[in-house]
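Worksheet: one structure, shown below.
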Amino acid sequence: MGESISDGTLAKFLKQPGERVEVDEAIAQIETDKVTIDVASPEAGVIQKFVASEGDTVEPGTKVAIISKSGEGVTHVAPSEKESDKVASPPPPAEKKVEEIPKTKAETAPISEKPKVTGTPPPKSSASEPQLPPKERERRVPMTRLRKRVATRLKDSQNTFALLTTFNEVDMTNLMKLRSDYKDAFVEKHGVKLGLMSGFVKAAVSGLQNQPIINAVIDGDDIIYRDYIDISIAVGTKKGLVVPVIRNAEKMNFADIEKEINTLAKKANDGSISIDEMAGGSFTISNGGVYGSLLSTPIINPPQSAILGMHSIVSRPMVVGGNIVPRPMMYIALTYDHRLIDGREAVFFLRRIKDVVEDPRRLLLDI
């Protein structure tokens with residue numbers, strides 16, 4: 001585990017007692033607040049037994065398994081068979097219970113005649129009582145450590161910040177045309193596809209340079225101004241939300257950003273992303289449009305002060321030059337900490353995003 005991790009939950013074993021493992025082969029997975037870590041075997045041999053169970057909380061240095069270097073370790077499969085015999089031994093008492101069931105029925109048989117005397121049906125729940133579904137149709141599943149961590153941080157964000165969201169809309173025509181015109185040449189030279197996210201990252205960098213307060217954060221009675229721009233990209237995975245960071249985005253071009261996004265996204269989805277790759281960040285971009293979201297109010301990722309929300313592109317009728325024409329439009333949202341950022345700076349920042357995305361040539365001319 002990393003130095004910043006104090007403990008984790010033993011999620012599952014990847015090997016079983018009696019199986020042979022090689023050096024550095026993963027034998028278990030430990031789930032932390034941020035990532036899932038593989039537990040590698042320190043030596044080759046046969047797993048003799050596990051000394052920890054799935055679901056246990058373990059700390060760095062905790063033993064989870066005993067590995068025998070010699071092939072004799074295979075003989076240790078026998079104890080597991082004995083345990084299975086012990087597990088299988090309870091059926092005799094179960095048989096006794098089965099024998100008792102007819103007795104209970106026999107004893108209660110005369111009682112079954114009582115309804116004939118009373119003639120009263122069983123009591124029905126009144127109309128005012130809620131009709132709850134049976135418990136058999138519910139499942140209770142423990143939250144993963146990552147989900148608990150995300151839940152805690154999002155609630156802390158709501159409780160700490162004075163959240164306010166401002167909106168605008170962007171005409172995606174020019175950025176989409178830019179991608180369409182140069183997509184083949186871009187792939188040929190840089191080996192990566194030209195997406196829309198790099199355009200928004202460059203626009204966010206320009207906006208943060210024009211409005212540095214958006215890139216700042218409150219610390220006690222002070223304001224910390226960051227002279228660097230680390231953009232966090234929210235990525236939804238099967239295990240939960242992770243936010244890898246693009247370091248020093250102000251020094252990157254379109255190709256650098258696309259390559260970094262692809263690398264981090266792959267690591268996030270296969271669970272190999274490290275804590276260092278998610279630490280820090282001065283501003284976050286969340287793209288709910290990939291899931292079809294038309295409009296939302298994103299929540300700030302502490303300890304940042306603002307987050308940009310992208311949404312789906314929808315063709316809508318717009319007035320251009322006095323004529324009504326269809327345009328690919330996207331709603332964008334900026335949620336910010338109103339304790340630090342005034343509405344004026346927030347609107348100017350979002351307006352800068354709109355201007356740059358609608359006319360990427362502004363980046364070349366720095367206007």
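Letters A, B, ... mark the chains of the structure tokens in the order given; residue numbers begin at 1 per chain; ligand numbers begin at 1, in order shown.
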
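Residues in contact with Gln209 (chain A) at 12 Å, where only C-alpha atoms are counted and same-chain residues fewer than 4 positions away are skipped, are listed as A:Lys202, A:Ala203, A:Ala204, A:Val205, A:Ile213, A:Ile214, A:Asn215, A:Ala216, A:Tyr225, A:Arg226, A:Asp227, A:Tyr228, A:Ile229, A:Ala249, A:Glu250, A:Glu345, A:Phe348, A:Phe349, A:Arg352, A:Ile353, A:Asp366.
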
12 Å contact set for Met318 (chain A), only C-alpha atoms, chain neighbours under 2 positions out, as a PyMOL selection string: chain A and resi 169-171+173+314-316+320-329

For those residues, write C-alpha atoms to a file as a PDB file, in the first residue's frame.
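Heads up, here's the output in again.pdb:
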ATOM      1  CA  GLU A 169     -24.903  27.430 -24.068  1.00  0.00           C
ATOM      2  CA  VAL A 170     -22.260  26.759 -26.681  1.00  0.00           C
ATOM      3  CA  ASP A 171     -22.552  26.404 -30.455  1.00  0.00           C
ATOM      4  CA  THR A 173     -20.277  23.934 -35.004  1.00  0.00           C
ATOM      5  CA  VAL A 314     -28.382  18.478 -29.316  1.00  0.00           C
ATOM      6  CA  SER A 315     -29.381  19.996 -32.645  1.00  0.00           C
ATOM      7  CA  ARG A 316     -31.627  22.962 -31.886  1.00  0.00           C
ATOM      8  CA  VAL A 320     -28.018  33.132 -36.952  1.00  0.00           C
ATOM      9  CA  GLY A 321     -27.819  36.278 -39.076  1.00  0.00           C
ATOM     10  CA  GLY A 322     -31.554  36.791 -38.802  1.00  0.00           C
ATOM     11  CA  ASN A 323     -32.325  33.267 -40.043  1.00  0.00           C
ATOM     12  CA  ILE A 324     -33.444  30.216 -38.071  1.00  0.00           C
ATOM     13  CA  VAL A 325     -30.947  27.387 -38.665  1.00  0.00           C
ATOM     14  CA  PRO A 326     -30.239  24.067 -36.903  1.00  0.00           C
ATOM     15  CA  ARG A 327     -27.107  24.153 -34.759  1.00  0.00           C
ATOM     16  CA  PRO A 328     -25.367  21.532 -32.559  1.00  0.00           C
ATOM     17  CA  MET A 329     -25.767  23.116 -29.135  1.00  0.00           C
TER      18      MET A 329
END

Polymer residues at most 10 Å from Ser53 (chain A), only C-alpha atoms, same-chain spacing of 4 or more positions, as JSON, numbers by chain: {"A": [9, 10, 11, 12, 13, 57, 58, 64, 65]}

Atom pair CA of Ile332 (chain A) / CA of His311 (chain A): separation (Å): 6.4 Å

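Here CA of Ala52 (chain A) and CA of Glu277 (chain A) stand 29.6 Å from one another.
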
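Of the listed residues A:Arg351, A:Arg361, A:Arg339, A:Arg179, the one whose atoms come nearest to Leu164 (chain A) is A:Arg339, with distances taken using only C-alpha atoms.
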
DSSP-assigned alpha helix (DSSP H) members of region 106-282 of chain A, reported as a count of residues only: 73

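What separates CA of Phe254 (chain A) from CA of Gly195 (chain A) is a distance of 9.1 Å.
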
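Residue nearest Val187 (chain A) within the list A:Met330, A:Ala255, A:Val141, A:Leu208: A:Ala255 [criterion: smallest interatomic distance, only C-alpha atoms].
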
Cut-off 8 Å: closest region 127-187 of chain A/region 284-305 of chain A atom pairs per residue, using only C-alpha atoms, as CSV:
residue,atom,partner,partner_atom,distance
A:Arg153,CA,A:Pro302,CA,7.2
A:Leu154,CA,A:Ile299,CA,7.0
A:Ser157,CA,A:Pro302,CA,6.3
A:Gln158,CA,A:Ile299,CA,7.6
A:Leu163,CA,A:Ile299,CA,7.9
A:Thr165,CA,A:Thr297,CA,6.4

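When only C-alpha atoms are used to compute distances to His338 (chain A), the closest of the residues A:Ser41, A:Asn168, A:Asn210, A:Thr160 turns out to be A:Thr160.
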
Nearest residue to Tyr336 (chain A) from the set A:Val217, A:Ile367, A:Ile231, A:Ile67 (distances using only C-alpha atoms): A:Val217

Contacts of Leu14 (chain A) within 10 Å, only C-alpha atoms, excl. fewer than 5 positions in-chain, as JSON, numbers by chain: {"A": [25, 26, 27, 28, 29, 38, 39]}

Long-range neighbours of Lys259 (chain A) as a PyMOL selection string, 12 Å cut-off, only C-alpha atoms, 5 positions minimum in chain: chain A and resi 186-187+190-195+197-198+246+252-254+264-266

Best match for closeness to Leu364 (chain A) among A:Leu146, A:Asp181, A:Ser274, A:Ser206, counting only C-alpha atoms: A:Ser206
